[in-house]
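J.: Below is data.txt; it holds compact mmCIF, C-alpha atoms.
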# COMPACT_ATOMS: atom_id res chain seq x y z
CA MET F 1 -9.63 16.86 25.87
CA SER F 2 -10.30 19.15 22.95
CA ARG F 3 -7.84 19.97 20.24
CA SER F 4 -7.51 23.57 21.50
CA ARG F 5 -5.94 22.29 24.74
CA SER F 6 -3.36 20.11 23.03
CA PRO F 7 -0.71 20.84 20.35
CA PHE F 8 -1.60 17.55 18.66
CA ILE F 9 -4.77 15.61 17.98
CA VAL F 10 -5.16 12.94 20.65
CA ARG F 11 -7.13 9.72 20.67
CA GLY F 12 -10.70 10.02 21.93
CA THR F 13 -11.37 13.51 20.55
CA VAL F 14 -13.79 14.48 17.79
CA ASP F 15 -10.93 15.60 15.58
CA PHE F 16 -9.20 12.24 16.01
CA MET F 17 -12.35 10.47 14.86
CA LYS F 18 -12.65 12.83 11.89
CA VAL F 19 -9.03 12.29 10.87
CA THR F 20 -9.18 8.51 11.16
CA ALA F 21 -12.53 8.33 9.34
CA ALA F 22 -11.28 10.59 6.54
CA MET F 23 -8.01 8.69 6.17
CA PHE F 24 -9.84 5.37 6.27
CA SER F 25 -12.05 6.65 3.44
CA ALA F 26 -9.04 7.86 1.46
CA GLY F 27 -7.19 4.59 1.92
CA LEU F 28 -10.25 2.63 0.88
CA ALA F 29 -10.72 4.66 -2.31
CA THR F 30 -7.02 4.69 -3.21
CA PHE F 31 -6.49 0.96 -3.02
CA ALA F 32 -9.83 0.07 -4.57
CA LEU F 33 -8.88 2.18 -7.60
CA LEU F 34 -5.36 0.83 -7.73
CA TYR F 35 -6.06 -2.90 -7.38
CA CYS F 36 -9.49 -3.34 -8.94
CA VAL F 37 -7.84 -4.81 -12.07
CA GLN F 38 -5.93 -7.54 -10.21
CA PRO F 39 -8.66 -10.24 -10.05
CA ILE F 40 -9.65 -9.64 -13.68
CA LEU F 41 -6.16 -10.10 -15.12
CA PRO F 42 -7.13 -13.51 -16.63
CA ILE F 43 -10.22 -11.87 -18.22
CA LEU F 44 -8.12 -9.08 -19.69
CA SER F 45 -5.66 -11.69 -21.03
CA HIS F 46 -8.55 -13.44 -22.80
CA ASP F 47 -10.36 -10.35 -24.11
CA PHE F 48 -7.27 -8.67 -25.54
CA GLY F 49 -5.35 -11.83 -26.49
CA ILE F 50 -2.32 -11.03 -24.32
CA SER F 51 -0.05 -13.02 -21.98
CA PRO F 52 -0.35 -13.02 -18.16
CA ALA F 53 2.79 -10.86 -17.88
CA SER F 54 1.34 -8.34 -20.38
CA SER F 55 -2.01 -8.33 -18.59
CA SER F 56 -0.25 -7.61 -15.28
CA LEU F 57 0.98 -4.34 -16.82
CA SER F 58 -2.48 -2.88 -16.18
CA LEU F 59 -1.51 -2.97 -12.50
CA SER F 60 2.25 -2.55 -12.82
CA VAL F 61 2.00 0.61 -14.95
CA SER F 62 -0.26 2.18 -12.30
CA THR F 63 2.07 1.38 -9.44
CA ALA F 64 5.11 2.48 -11.48
CA MET F 65 3.58 5.87 -12.28
CA LEU F 66 2.42 6.21 -8.69
CA ALA F 67 6.03 5.67 -7.61
CA VAL F 68 7.29 8.30 -10.07
CA GLY F 69 4.59 10.75 -8.99
CA LEU F 70 5.59 10.39 -5.34
CA LEU F 71 8.91 12.05 -6.12
CA PHE F 72 6.93 15.20 -6.99
CA THR F 73 3.73 15.12 -4.92
CA GLY F 74 5.56 14.64 -1.61
CA PRO F 75 7.65 17.80 -2.03
CA ILE F 76 4.65 19.67 -3.53
CA SER F 77 2.64 18.88 -0.39
CA ASP F 78 5.57 20.20 1.69
CA ALA F 79 5.11 23.51 -0.14
CA VAL F 80 1.36 23.95 -0.72
CA GLY F 81 -0.26 21.85 2.01
CA ARG F 82 -1.48 18.32 2.67
CA LYS F 83 -5.26 18.42 2.31
CA PRO F 84 -5.51 20.27 -1.06
CA VAL F 85 -3.11 17.83 -2.73
CA MET F 86 -4.98 14.78 -1.42
CA VAL F 87 -8.45 16.05 -2.38
CA VAL F 88 -7.47 16.89 -5.97
CA ALA F 89 -5.61 13.59 -6.35
CA LEU F 90 -8.53 11.44 -5.20
CA MET F 91 -11.05 13.17 -7.45
CA LEU F 92 -8.78 12.93 -10.50
CA ALA F 93 -8.10 9.22 -9.94
CA ALA F 94 -11.81 8.41 -9.59
CA THR F 95 -12.66 10.35 -12.76
CA LEU F 96 -9.88 8.67 -14.75
CA THR F 97 -11.08 5.23 -13.65
CA ILE F 98 -14.56 6.00 -14.94
CA ALA F 99 -12.96 7.12 -18.22
CA SER F 100 -10.92 3.91 -18.45
CA SER F 101 -14.12 1.85 -18.47
CA LEU F 102 -15.00 3.54 -21.79
CA THR F 103 -11.61 2.98 -23.42
CA THR F 104 -11.59 0.32 -26.16
CA SER F 105 -7.89 -0.32 -26.95
CA TRP F 106 -5.39 -2.11 -24.71
CA HIS F 107 -2.84 0.68 -25.09
CA GLY F 108 -5.53 3.22 -24.24
CA ILE F 109 -6.34 1.30 -21.06
CA LEU F 110 -2.67 1.23 -20.11
CA ILE F 111 -2.46 5.00 -20.59
CA MET F 112 -5.52 5.58 -18.40
CA ARG F 113 -4.18 3.23 -15.75
CA ALA F 114 -0.85 5.09 -15.79
CA LEU F 115 -2.68 8.38 -15.21
CA VAL F 116 -4.68 6.82 -12.36
CA GLY F 117 -1.44 5.80 -10.68
CA LEU F 118 0.05 9.24 -11.21
CA ALA F 119 -3.00 10.88 -9.62
CA LEU F 120 -3.01 8.52 -6.64
CA SER F 121 0.56 9.51 -5.84
CA GLY F 122 -0.97 12.66 -4.36
CA VAL F 123 -2.68 10.60 -1.64
CA ALA F 124 -0.27 7.88 -0.54
CA ALA F 125 2.74 9.69 0.93
CA VAL F 126 0.80 12.84 1.85
CA ALA F 127 -1.67 10.92 4.02
CA MET F 128 1.17 9.36 6.01
CA THR F 129 2.77 12.77 6.47
CA TYR F 130 -0.50 14.40 7.60
CA ILE F 131 -0.91 11.74 10.27
CA SER F 132 2.66 12.10 11.54
CA GLU F 133 2.24 15.91 11.74
CA GLU F 134 -1.21 16.21 13.25
CA ILE F 135 -1.59 13.21 15.58
CA ASP F 136 -0.02 13.13 19.03
CA PRO F 137 3.19 11.01 18.82
CA MET F 138 1.74 8.62 21.40
CA PHE F 139 -1.03 7.68 18.95
CA VAL F 140 0.70 7.96 15.56
CA ALA F 141 1.28 4.20 15.24
CA PHE F 142 -2.35 3.48 16.09
CA ALA F 143 -3.67 6.13 13.67
CA MET F 144 -1.32 4.89 10.95
CA GLY F 145 -2.62 1.38 11.54
CA LEU F 146 -6.21 2.59 11.08
CA TYR F 147 -5.23 4.33 7.83
CA ILE F 148 -3.53 1.20 6.53
CA SER F 149 -6.52 -0.88 7.57
CA GLY F 150 -8.50 1.36 5.22
CA ASN F 151 -5.92 0.51 2.56
CA SER F 152 -6.45 -3.20 3.15
CA LEU F 153 -10.24 -2.83 3.09
CA GLY F 154 -9.97 -0.77 -0.10
CA GLY F 155 -7.79 -3.39 -1.73
CA MET F 156 -10.27 -6.06 -0.64
CA SER F 157 -13.30 -4.07 -1.82
CA GLY F 158 -11.77 -3.29 -5.19
CA ARG F 159 -10.85 -6.92 -5.78
CA LEU F 160 -14.13 -8.32 -4.42
CA ILE F 161 -16.38 -5.95 -6.36
CA SER F 162 -14.27 -6.40 -9.48
CA GLY F 163 -14.22 -10.20 -9.33
CA VAL F 164 -17.91 -10.68 -8.59
CA MET F 165 -19.30 -7.90 -10.82
CA THR F 166 -17.17 -9.01 -13.79
CA ASP F 167 -18.67 -12.48 -13.49
CA LEU F 168 -22.20 -11.01 -13.44
CA PHE F 169 -21.84 -8.12 -15.89
CA SER F 170 -18.57 -7.02 -17.53
CA TRP F 171 -15.25 -5.58 -16.50
CA ARG F 172 -16.20 -2.24 -18.08
CA ILE F 173 -19.32 -1.84 -15.92
CA THR F 174 -17.20 -2.92 -12.96
CA LEU F 175 -14.52 -0.26 -13.45
CA GLY F 176 -17.12 2.45 -13.99
CA SER F 177 -18.91 1.48 -10.78
CA ILE F 178 -15.73 1.45 -8.72
CA GLY F 179 -14.82 4.88 -10.10
CA CYS F 180 -18.19 6.27 -8.98
CA ILE F 181 -17.83 4.78 -5.49
CA ALA F 182 -14.34 6.27 -5.18
CA LEU F 183 -15.65 9.69 -6.22
CA ILE F 184 -18.15 9.58 -3.35
CA ALA F 185 -15.36 8.57 -0.95
CA ALA F 186 -13.30 11.54 -2.18
CA LEU F 187 -16.16 13.93 -1.41
CA VAL F 188 -16.53 12.48 2.09
CA PHE F 189 -12.79 12.91 2.63
CA TRP F 190 -12.96 16.54 1.52
CA ARG F 191 -15.80 17.37 3.88
CA ILE F 192 -14.60 15.77 7.12
CA LEU F 193 -10.77 15.98 7.17
CA PRO F 194 -9.69 18.82 9.52
CA PRO F 195 -7.31 21.40 8.02
CA SER F 196 -3.63 20.99 8.89
CA GLY F 197 -2.77 22.58 12.22
CA HIS F 198 0.98 21.92 12.23
CA PHE F 199 1.87 22.25 8.56
CA ARG F 200 4.74 24.63 7.83
CA ALA F 201 5.41 25.32 4.17
CA SER F 202 8.89 24.59 2.88
CA SER F 203 10.58 25.74 -0.30
CA LEU F 204 10.26 23.94 -3.62
CA ARG F 205 13.66 25.22 -4.71
CA PRO F 206 15.75 22.38 -6.21
CA ARG F 207 18.62 23.15 -3.85
CA THR F 208 16.40 22.69 -0.77
CA LEU F 209 14.93 19.47 -2.18
CA LEU F 210 18.42 18.13 -2.86
CA ILE F 211 19.62 18.98 0.65
CA ASN F 212 16.66 17.16 2.19
CA PHE F 213 17.12 14.23 -0.20
CA ARG F 214 20.75 13.84 0.84
CA LEU F 215 19.77 14.15 4.50
CA HIS F 216 17.38 11.19 4.18
CA TRP F 217 19.99 9.03 2.45
CA HIS F 218 22.66 9.86 5.03
CA ASP F 219 20.47 8.50 7.81
CA ARG F 220 21.49 4.94 8.68
CA GLY F 221 17.94 3.62 8.90
CA LEU F 222 15.84 5.39 6.26
CA PRO F 223 17.44 3.72 3.19
CA LEU F 224 16.88 0.34 4.86
CA LEU F 225 13.23 1.19 5.44
CA PHE F 226 12.95 2.18 1.77
CA ALA F 227 14.33 -1.28 0.88
CA GLU F 228 11.77 -2.87 3.22
CA GLY F 229 8.96 -1.13 1.34
CA PHE F 230 10.26 -2.56 -1.95
CA LEU F 231 10.53 -6.10 -0.59
CA LEU F 232 7.23 -6.17 1.31
CA MET F 233 5.06 -4.79 -1.46
CA GLY F 234 6.89 -6.77 -4.14
CA SER F 235 6.18 -9.99 -2.25
CA PHE F 236 2.54 -9.16 -1.56
CA VAL F 237 1.57 -8.08 -5.06
CA THR F 238 3.39 -10.98 -6.71
CA LEU F 239 1.47 -13.53 -4.64
CA PHE F 240 -1.91 -11.98 -5.36
CA ASN F 241 -1.17 -11.32 -9.04
CA TYR F 242 -0.72 -15.00 -9.84
CA ILE F 243 -2.76 -16.90 -7.27
CA GLY F 244 -5.78 -16.38 -9.53
CA TYR F 245 -4.02 -18.03 -12.46
CA ARG F 246 -3.10 -21.01 -10.32
CA LEU F 247 -6.58 -21.53 -8.87
CA MET F 248 -8.35 -21.19 -12.23
CA GLU F 249 -6.27 -24.05 -13.63
CA PRO F 250 -6.66 -27.79 -12.92
CA PRO F 251 -7.27 -29.35 -10.48
CA TYR F 252 -9.07 -26.36 -8.93
CA TYR F 253 -11.04 -24.69 -11.76
CA ILE F 254 -12.07 -21.86 -9.43
CA SER F 255 -14.53 -19.35 -10.94
CA GLN F 256 -13.77 -15.67 -11.56
CA ALA F 257 -16.30 -14.71 -8.88
CA PHE F 258 -14.56 -16.89 -6.29
CA ILE F 259 -11.21 -15.32 -7.17
CA GLY F 260 -12.78 -11.99 -6.25
CA VAL F 261 -14.17 -13.44 -3.02
CA LEU F 262 -10.63 -14.49 -2.07
CA SER F 263 -9.96 -10.81 -1.42
CA LEU F 264 -11.95 -11.21 1.81
CA VAL F 265 -8.64 -12.27 3.34
CA TYR F 266 -7.88 -8.53 3.32
CA LEU F 267 -10.18 -8.23 6.33
CA THR F 268 -7.40 -9.81 8.36
CA GLY F 269 -5.18 -6.91 7.29
CA THR F 270 -7.85 -4.44 8.41
CA LEU F 271 -7.56 -5.88 11.91
CA SER F 272 -3.81 -6.49 12.01
CA SER F 273 -2.69 -2.96 11.05
CA PRO F 274 -4.00 -1.06 14.11
CA LYS F 275 -3.18 -4.06 16.32
CA ALA F 276 0.43 -3.94 15.14
CA GLY F 277 0.52 -0.24 16.02
CA SER F 278 -0.70 -0.96 19.55
CA LEU F 279 1.74 -3.86 20.00
CA SER F 280 4.63 -1.68 18.83
CA VAL F 281 3.96 0.70 21.72
CA LYS F 282 4.19 -2.20 24.16
CA TYR F 283 6.99 -4.30 22.67
CA GLY F 284 8.77 -1.94 20.25
CA ARG F 285 8.52 -1.60 16.49
CA GLY F 286 11.44 -3.92 15.71
CA PRO F 287 10.20 -7.15 17.33
CA VAL F 288 6.66 -6.65 15.99
CA PHE F 289 8.04 -6.04 12.50
CA ILE F 290 10.16 -9.23 12.61
CA CYS F 291 7.19 -11.32 13.76
CA SER F 292 5.03 -9.84 10.98
CA VAL F 293 7.52 -10.77 8.25
CA ALA F 294 7.85 -14.25 9.77
CA LEU F 295 4.07 -14.64 9.46
CA MET F 296 4.32 -13.75 5.76
CA ILE F 297 6.95 -16.45 5.24
CA LEU F 298 4.84 -19.04 7.08
CA GLY F 299 1.73 -18.23 5.03
CA LEU F 300 3.73 -18.31 1.79
CA CYS F 301 5.13 -21.77 2.57
CA MET F 302 1.62 -23.09 3.22
CA SER F 303 0.61 -22.10 -0.32
CA LEU F 304 2.92 -24.86 -1.60
CA PHE F 305 0.45 -27.52 -0.46
CA SER F 306 -2.06 -28.82 -3.00
CA SER F 307 -5.07 -28.65 -0.65
CA ILE F 308 -7.22 -25.62 -1.42
CA TRP F 309 -7.97 -25.22 2.27
CA LEU F 310 -4.28 -25.09 3.23
CA ILE F 311 -3.70 -22.55 0.47
CA LEU F 312 -6.50 -20.38 1.84
CA ILE F 313 -5.16 -20.68 5.40
CA GLY F 314 -1.76 -19.68 4.09
CA MET F 315 -3.25 -16.56 2.53
CA LEU F 316 -5.04 -15.80 5.81
CA ILE F 317 -1.67 -15.86 7.55
CA PHE F 318 0.33 -14.07 4.86
CA THR F 319 -2.05 -11.09 4.47
CA PRO F 320 -2.20 -9.80 8.07
CA GLY F 321 1.55 -10.29 8.29
CA PHE F 322 2.03 -7.97 5.32
CA PHE F 323 -0.27 -5.21 6.54
CA ALA F 324 1.21 -5.33 10.04
CA ALA F 325 4.77 -5.09 8.66
CA HIS F 326 3.83 -2.23 6.33
CA SER F 327 2.07 -0.40 9.16
CA ILE F 328 5.17 -0.59 11.35
CA ALA F 329 7.57 0.43 8.56
CA SER F 330 5.32 3.38 7.61
CA SER F 331 5.23 4.79 11.13
CA TRP F 332 8.98 4.14 11.50
CA ILE F 333 9.67 6.62 8.68
CA GLY F 334 8.14 9.50 10.65
CA TYR F 335 10.39 8.82 13.64
CA ARG F 336 13.63 8.64 11.67
CA ALA F 337 13.07 11.57 9.27
CA LYS F 338 14.60 14.72 10.77
CA ARG F 339 12.77 17.12 8.43
CA ALA F 340 10.86 17.16 5.10
CA LYS F 341 8.79 14.23 6.32
CA GLY F 342 6.62 14.40 3.21
CA GLN F 343 9.65 13.77 1.04
CA ALA F 344 10.81 10.92 3.32
CA SER F 345 7.40 9.24 3.18
CA ALA F 346 7.33 9.75 -0.59
CA LEU F 347 10.71 8.02 -0.95
CA TYR F 348 9.51 5.07 1.14
CA LEU F 349 6.40 4.69 -1.00
CA PHE F 350 8.40 5.23 -4.19
CA PHE F 351 10.34 2.07 -3.45
CA TYR F 352 7.17 0.40 -2.14
CA TYR F 353 5.41 0.81 -5.48
CA VAL F 354 8.54 0.20 -7.55
CA GLY F 355 8.65 -3.15 -5.75
CA SER F 356 5.06 -3.75 -6.78
CA SER F 357 5.80 -2.96 -10.42
CA ILE F 358 9.11 -4.79 -10.81
CA ALA F 359 8.42 -7.86 -8.68
CA GLY F 360 4.80 -8.09 -9.86
CA THR F 361 5.92 -8.27 -13.48
CA LEU F 362 8.97 -10.49 -12.82
CA GLY F 363 6.63 -12.89 -11.07
CA GLY F 364 5.05 -13.60 -14.45
CA PHE F 365 8.40 -14.92 -15.67
CA PHE F 366 8.77 -17.27 -12.69
CA TRP F 367 5.14 -18.43 -12.94
CA HIS F 368 5.40 -19.12 -16.68
CA ASN F 369 8.75 -20.93 -16.53
CA TYR F 370 8.86 -22.58 -13.10
CA GLY F 371 5.26 -22.81 -11.94
CA TRP F 372 4.03 -22.08 -8.44
CA THR F 373 7.08 -23.55 -6.70
CA GLY F 374 9.38 -21.22 -8.63
CA LEU F 375 7.17 -18.25 -7.81
CA VAL F 376 7.19 -19.12 -4.11
CA ILE F 377 11.01 -19.36 -4.11
CA PHE F 378 11.16 -15.90 -5.74
CA ILE F 379 8.86 -14.37 -3.08
CA ALA F 380 10.60 -16.21 -0.23
CA GLY F 381 13.94 -14.73 -1.31
CA MET F 382 12.53 -11.21 -0.99
CA LEU F 383 11.00 -11.91 2.41
CA LEU F 384 14.22 -13.41 3.79
CA CYS F 385 16.01 -10.21 2.74
CA ALA F 386 13.31 -8.18 4.53
CA LEU F 387 13.81 -10.28 7.66
CA PHE F 388 17.58 -9.78 7.60
CA ILE F 389 17.25 -5.99 7.15
CA GLY F 390 14.66 -5.83 9.93
CA ARG F 391 17.04 -7.48 12.38
CA TYR F 392 19.66 -4.87 11.52
CA LEU F 393 17.17 -2.00 11.95
CA ILE F 394 16.42 -3.10 15.50
CA ARG F 395 20.02 -2.46 16.51
CA LEU F 396 20.10 1.10 15.15
CA PRO F 397 19.59 4.05 17.51
CA GLU F 398 16.62 6.29 16.76
CA ALA F 399 17.41 9.36 14.70
CA SER F 400 14.71 11.55 16.24
CA ALA F 401 12.81 11.79 19.48
CA GLU F 402 9.87 9.55 20.15
CA PRO F 403 7.51 8.93 23.06
CA LYS F 404 9.25 7.63 26.16
CA ASN F 405 7.24 4.44 26.42
CA HIS F 406 7.94 3.34 22.84
Just dump the structure as structure tokens.

T.:
Amino acid sequence: MSRSRSPFIVRGTVDFMKVTAAMFSAGLATFALLYCVQPILPILSHDFGISPASSSLSLSVSTAMLAVGLLFTGPISDAVGRKPVMVVALMLAATLTIASSLTTSWHGILIMRALVGLALSGVAAVAMTYISEEIDPMFVAFAMGLYISGNSLGGMSGRLISGVMTDLFSWRITLGSIGCIALIAALVFWRILPPSGHFRASSLRPRTLLINFRLHWHDRGLPLLFAEGFLLMGSFVTLFNYIGYRLMEPPYYISQAFIGVLSLVYLTGTLSSPKAGSLSVKYGRGPVFICSVALMILGLCMSLFSSIWLILIGMLIFTPGFFAAHSIASSWIGYRAKRAKGQASALYLFFYYVGSSIAGTLGGFFWHNYGWTGLVIFIAGMLLCALFIGRYLIRLPEASAEPKNH
């Protein structure tokens, strides 16, 4: 079936392959740029003579500015279009990352990282909205899963390249290289993503934005999904921010390169995201979401053991659980939002990245004062809240129509 015979892009068509390939490329570039500093936090602590919590700001400031930017880029994309906003955002973020590799002061690096996060805000929520608008509702969850699998692969690639290259060369060469790779990915995205076929411009007038904002918050489910984004991302980033510190200390003495290799666990997220989308069609979003969060809790508890192998198995369980849960929550937003879906997705990701910034930095306090056990208790508390909210979401009626066999 060609796109001309269907109001939406359906699975199995050329346009579907173009969209998923382009979004996969965008997700890869976005998360490689965002998280490439995570495995080198101990190196940055050493080179600039700063604490682990201060070093984590190189990631937290990016996610914080990304969250702030989402409040503007989502509504802007509702007015000017999806593809133009995403293309400009990706190219700016890649260029700024290259520039950050040439910056010599810690404060200068933080400024560049803040600008990278601000630029990437033009990709995150807009990509989700493009998918929900252009893909046939029967295949939105699957397409969203493929996009998020690109996110997981990007996060893995950024961490892996960063960890290994920093061991072989320097973190400056590493950041410059990742910036160049992301620039190529941005060009690929620009060339192959089909133009929006269902985009309808809306007003940027403050009154219209406020009306839509209030509409989202009056929905019974959307604010809870925003909270889920905060809790899921806060838990995930906190674990990966400080696992490197733990494994580089006695009795493990793991090398910087191996810390980067640990990011290979992201491959499990690449597989679990589209699988979660398919399972949600069969069993419903709610049950799949609950099971995904439960997997995160199981993997987290396994990290309490002292055996390096049990810790790694725990991470292999925790990671796919996170990406599956995020995939379900992301697609859930599109079903509940009655209008201004770009703004709704932006609000979800605002809280998602605020969770990354706040919990990721607070984790440094728990790690410094209470060790790994204290950090695990902190993360477990967030995940138990996510589980409780998820159970409540299941009981809510849908706010907007969805495919009959969902």

J.: Counting all atoms listed in the file, figure out which residue out of F:Asn369, F:Ser152, F:Ser263, F:Thr20 gets nearest to Met315 (chain F).

T.: F:Ser263

J.: Any chance you could tabulate, as JSON lines, the residues of region 96-207 of chain F at most 12 Å from region 67-73 of chain F with each one's nearest atom pair and distance in Å to one decimal, using only C-alpha atoms, in chain and rising number order?

T.:
{"residue": "F:Ala114", "atom": "CA", "partner": "F:Gly69", "partner_atom": "CA", "distance": 10.4}
{"residue": "F:Leu115", "atom": "CA", "partner": "F:Gly69", "partner_atom": "CA", "distance": 9.9}
{"residue": "F:Val116", "atom": "CA", "partner": "F:Gly69", "partner_atom": "CA", "distance": 10.6}
{"residue": "F:Gly117", "atom": "CA", "partner": "F:Gly69", "partner_atom": "CA", "distance": 8.0}
{"residue": "F:Leu118", "atom": "CA", "partner": "F:Gly69", "partner_atom": "CA", "distance": 5.3}
{"residue": "F:Ala119", "atom": "CA", "partner": "F:Gly69", "partner_atom": "CA", "distance": 7.6}
{"residue": "F:Leu120", "atom": "CA", "partner": "F:Gly69", "partner_atom": "CA", "distance": 8.3}
{"residue": "F:Ser121", "atom": "CA", "partner": "F:Leu70", "partner_atom": "CA", "distance": 5.1}
{"residue": "F:Gly122", "atom": "CA", "partner": "F:Thr73", "partner_atom": "CA", "distance": 5.3}
{"residue": "F:Val123", "atom": "CA", "partner": "F:Thr73", "partner_atom": "CA", "distance": 8.5}
{"residue": "F:Ala124", "atom": "CA", "partner": "F:Leu70", "partner_atom": "CA", "distance": 8.0}
{"residue": "F:Ala125", "atom": "CA", "partner": "F:Leu70", "partner_atom": "CA", "distance": 6.9}
{"residue": "F:Val126", "atom": "CA", "partner": "F:Thr73", "partner_atom": "CA", "distance": 7.7}
{"residue": "F:Ala127", "atom": "CA", "partner": "F:Thr73", "partner_atom": "CA", "distance": 11.3}
{"residue": "F:Thr129", "atom": "CA", "partner": "F:Thr73", "partner_atom": "CA", "distance": 11.7}
{"residue": "F:Leu204", "atom": "CA", "partner": "F:Phe72", "partner_atom": "CA", "distance": 9.9}
{"residue": "F:Pro206", "atom": "CA", "partner": "F:Phe72", "partner_atom": "CA", "distance": 11.4}

J.: May I have the residues within 9 Å of Lys341 (chain F) as a list of chain:residue names, using only C-alpha atoms and disregarding those fewer than 5 positions away in the same chain?

T.: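 In the requested form, the answer reads F:Gly74, F:Asp78, F:Thr129, F:Ser132, F:Glu133, F:Ile333, F:Gly334, F:Ala346.
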
J.: So which one's closest to Gly374 (chain F), F:Leu41, F:Leu66, F:Val164, F:Leu304? Using only C-alpha atoms, please.

T.: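 Using only C-alpha atoms, Gly374 (chain F) sits closest to F:Leu304.
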
J.: Within 6 Å of (6.9, -10.0, 6.5) (file coordinates; all atoms listed in the file), which protein or nucleic acid residues are there? I'd like them as a list in words.

T.: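 Final list of nearby residues, as requested, is Ser292, Val293, Ala294, Met296, Gly321, Phe322 and Ala325 of chain F.
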
J.: Find the residue from F:Ile297, F:Leu349, F:Val10, F:Leu28 that sits nearest to Ser149 (chain F); use all atoms listed in the file when measuring.

T.: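 Smallest separation from Ser149 (chain F) among the options: F:Leu28.
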
J.: I want to know what sits within 10 Å of Leu160 (chain F), based on only C-alpha atoms, with residues of the same chain fewer than 4 positions away left out; could you give that as a PyMOL selection string?

T.: chain F and resi 32+36+39+154-156+164-166+257-264+266
